[in-house]
Amino acid sequence: MEHNSLLAIAADHRGLRLKERIIQFLKARKIRVCDFGTYSEESCDYPDFILKAAEAIKKKKALRAIAICHSGIGSAIAANKVKGVRAALVQNVKQAKLSRAHNDSNMLVLGSGFVKPALAKKIVDAWLKTPFEGGRHLRRIRKISSYEKNH
């Protein structure tokens, strides 16, 4: 990820603690972060926060985003409803790299109930550092984008 780029981040109440750890990790690497909440452990609805981070990508206010809830499933479903967002639910470093190299994912989704903080940091690091390969993968991304425009 380019150094001056903004990264959006959001979580629900079950992802809050992991979100805070990831923010610290990102700031230590001088990555600018925009935190879309939540800011407490009081029960809340993940779409209220995850969709704000996804919209930041759509509106080009952020280059990429990270979303966190307990399983990651609902956050991935919600984020992928936003035009131009390619959210990838990732549970290991290899998936993080493939989501970038093959799918040009612009939103990383983590399940705080399945990914511990140490692994999450490795996943985020790999996701940020892995470039999109293009080539045959670009053809596939264009098919997805074309479908998005026509439906």
# chains A, B, ... in the order shown; residues from 1 in each chain; ligands from 1

$ residues_around --residues "Ser43 in chain A" --least-positions-apart "4" --cutoff "10 Å" --atoms "only C-alpha atoms" --output "PyMOL selection string"
chain A and resi 12-14+38

$ select_by_dssp --residues "range 107-142 of chain A" --states "strand (DSSP E)" --output "CSV table (one decimal) with N, CA and C atoms, in the first residue's frame"
chain,number,residue,atom,x,y,z
A,107,MET,N,-10.7,-4.5,0.6
A,107,MET,CA,-11.2,-4.6,1.9
A,107,MET,C,-10.9,-5.9,2.5
A,108,LEU,N,-10.1,-5.9,3.6
A,108,LEU,CA,-9.8,-7.1,4.4
A,108,LEU,C,-10.8,-7.3,5.5
A,109,VAL,N,-11.4,-8.5,5.6
A,109,VAL,CA,-12.3,-8.8,6.7
A,109,VAL,C,-11.7,-9.8,7.6
A,110,LEU,N,-11.8,-9.6,8.9
A,110,LEU,CA,-11.2,-10.5,9.9
A,110,LEU,C,-12.3,-10.9,10.8
A,111,GLY,N,-12.3,-12.1,11.3
A,111,GLY,CA,-13.2,-12.6,12.3
A,111,GLY,C,-12.5,-12.6,13.6

$ closest_residue --among "A:Leu18, A:Ile23, A:Ile77, A:Gly84" --to "Lys59 in chain A" --atoms "only C-alpha atoms"
A:Gly84

$ residues_around --residues "Ile22 in chain A" --least-positions-apart "2" --cutoff "9 Å" --atoms "only C-alpha atoms" --output "PyMOL selection string"
chain A and resi 17-20+24-27+117+120-121+124

$ select_by_dssp --residues "range 78-144 of chain A" --states "helix (DSSP H, G or I)" --output "MDAnalysis selection string"
chainID A and resid 78:79 93:101 117:129 136:144

$ residues_around --residues "Ile144 in chain A" --least-positions-apart "2" --cutoff "12 Å" --atoms "only C-alpha atoms" --output "list in words"
Asn80, Lys83, Gly84, Val85, Arg86, Asn103, Asp104, His137, Leu138, Arg139, Arg140, Ile141, Arg142, Ser146, Tyr147, Glu148, Lys149, Asn150 and His151 of chain A

$ write_last_selection --atoms "C-alpha atoms" --output "mmCIF file, in the first residue's frame"
data_model
loop_
_atom_site.group_PDB
_atom_site.id
_atom_site.type_symbol
_atom_site.label_atom_id
_atom_site.label_comp_id
_atom_site.auth_asym_id
_atom_site.auth_seq_id
_atom_site.Cartn_x
_atom_site.Cartn_y
_atom_site.Cartn_z
ATOM 1 C CA ASN A 80 -19.517 -6.598 -0.852
ATOM 2 C CA LYS A 83 -20.154 -0.962 -5.547
ATOM 3 C CA GLY A 84 -16.419 -1.193 -6.178
ATOM 4 C CA VAL A 85 -15.619 -3.019 -2.951
ATOM 5 C CA ARG A 86 -13.916 -6.397 -3.131
ATOM 6 C CA ASN A 103 -8.520 -10.687 -6.520
ATOM 7 C CA ASP A 104 -7.163 -7.170 -5.929
ATOM 8 C CA HIS A 137 -6.709 -11.988 -12.814
ATOM 9 C CA LEU A 138 -7.464 -8.532 -14.215
ATOM 10 C CA ARG A 139 -9.749 -10.134 -16.790
ATOM 11 C CA ARG A 140 -11.725 -11.711 -13.947
ATOM 12 C CA ILE A 141 -11.908 -8.488 -11.945
ATOM 13 C CA ARG A 142 -13.235 -6.724 -15.048
ATOM 14 C CA SER A 146 -18.986 -5.361 -15.620
ATOM 15 C CA TYR A 147 -21.624 -7.437 -13.861
ATOM 16 C CA GLU A 148 -21.801 -4.847 -11.102
ATOM 17 C CA LYS A 149 -22.484 -2.087 -13.656
ATOM 18 C CA ASN A 150 -25.204 -4.024 -15.445
ATOM 19 C CA HIS A 151 -27.178 -5.332 -12.455
#

$ residues_around --residues "Gly113 in chain A" --least-positions-apart "3" --cutoff "9 Å" --atoms "only C-alpha atoms" --output "number ranges by chain"
A: 14-15, 69-72, 110, 116

$ closest_residue --among "A:Lys81, A:Arg64, A:Arg21, A:Lys143" --to "Ser112 in chain A" --atoms "only C-alpha atoms"
A:Arg21

$ residues_around --residues "Ser5 in chain A" --least-positions-apart "3" --cutoff "10 Å" --atoms "only C-alpha atoms" --output "ChimeraX atom specification"
/A:1-2,8,31-33,61-64

$ write_last_selection --atoms "N, CA and C atoms" --output "JSON list (two decimals), in the first residue's frame"
[["chain", "number", "residue", "atom", "x", "y", "z"],
["A", 1, "MET", "N", 0.84, -1.18, 0.00],
["A", 1, "MET", "CA", 0.00, 0.00, 0.00],
["A", 1, "MET", "C", 0.88, 1.24, 0.00],
["A", 2, "GLU", "N", 0.51, 2.23, -0.77],
["A", 2, "GLU", "CA", 1.28, 3.46, -0.84],
["A", 2, "GLU", "C", 1.30, 4.15, 0.52],
["A", 8, "ALA", "N", -9.17, 2.88, 5.82],
["A", 8, "ALA", "CA", -10.35, 2.93, 6.69],
["A", 8, "ALA", "C", -10.40, 1.66, 7.51],
["A", 31, "ILE", "N", 1.08, 4.32, 8.91],
["A", 31, "ILE", "CA", -0.05, 4.23, 7.98],
["A", 31, "ILE", "C", -1.19, 5.06, 8.55],
["A", 32, "ARG", "N", -1.71, 5.96, 7.73],
["A", 32, "ARG", "CA", -2.82, 6.83, 8.15],
["A", 32, "ARG", "C", -4.10, 6.01, 8.22],
["A", 33, "VAL", "N", -4.82, 6.14, 9.32],
["A", 33, "VAL", "CA", -6.01, 5.33, 9.57],
["A", 33, "VAL", "C", -7.20, 6.24, 9.88],
["A", 61, "LYS", "N", -12.18, 8.00, -0.68],
["A", 61, "LYS", "CA", -11.62, 8.69, 0.48],
["A", 61, "LYS", "C", -10.58, 7.81, 1.17],
["A", 62, "ALA", "N", -10.65, 6.51, 0.88],
["A", 62, "ALA", "CA", -9.67, 5.55, 1.40],
["A", 62, "ALA", "C", -9.29, 4.61, 0.25],
["A", 63, "LEU", "N", -8.04, 4.23, 0.21],
["A", 63, "LEU", "CA", -7.58, 3.30, -0.82],
["A", 63, "LEU", "C", -8.04, 1.88, -0.49],
["A", 64, "ARG", "N", -7.98, 1.54, 0.78],
["A", 64, "ARG", "CA", -8.39, 0.22, 1.25],
["A", 64, "ARG", "C", -9.03, 0.33, 2.63]]

$ atom_distance --atom1 "CA of Phe114 in chain A" --atom2 "CA of Cys44 in chain A"
19.6 Å

$ residues_around --residues "His102 in chain A" --least-positions-apart "6" --cutoff "8 Å" --atoms "only C-alpha atoms" --output "PDB file with N, CA and C atoms, in the first residue's frame"
ATOM      1  N   PHE A 132      -1.268  -6.527  -6.566  1.00  0.00           N
ATOM      2  CA  PHE A 132      -2.144  -7.239  -7.494  1.00  0.00           C
ATOM      3  C   PHE A 132      -1.314  -7.681  -8.691  1.00  0.00           C
ATOM      4  N   GLU A 133      -1.451  -8.932  -9.111  1.00  0.00           N
ATOM      5  CA  GLU A 133      -0.653  -9.477 -10.216  1.00  0.00           C
ATOM      6  C   GLU A 133      -1.141  -9.053 -11.592  1.00  0.00           C
ATOM      7  N   GLY A 134      -2.415  -8.692 -11.710  1.00  0.00           N
ATOM      8  CA  GLY A 134      -2.955  -8.326 -13.022  1.00  0.00           C
ATOM      9  C   GLY A 134      -3.073  -9.553 -13.907  1.00  0.00           C
ATOM     10  N   HIS A 137      -5.890 -12.384 -13.954  1.00  0.00           N
ATOM     11  CA  HIS A 137      -6.709 -11.988 -12.814  1.00  0.00           C
ATOM     12  C   HIS A 137      -7.444 -10.678 -13.096  1.00  0.00           C
TER      13      HIS A 137
END

$ closest_residue --among "A:Ile68, A:Ala101, A:Ile123, A:Ala118" --to "Asp45 in chain A" --atoms "only C-alpha atoms"
A:Ile68

$ atom_distance --atom1 "CA of Lys30 in chain A" --atom2 "CA of Ile73 in chain A"
29.0 Å

$ closest_residue --among "A:Leu119, A:Leu128, A:Ala11, A:Leu6" --to "Ser75 in chain A" --atoms "only C-alpha atoms"
A:Ala11

$ closest_residue --among "A:Ile50, A:Ile66, A:Val115, A:Ala126" --to "Leu7 in chain A" --atoms "only C-alpha atoms"
A:Ile66

$ atom_distance --atom1 "CA of Tyr46 in chain A" --atom2 "CA of Ser105 in chain A"
19.9 Å
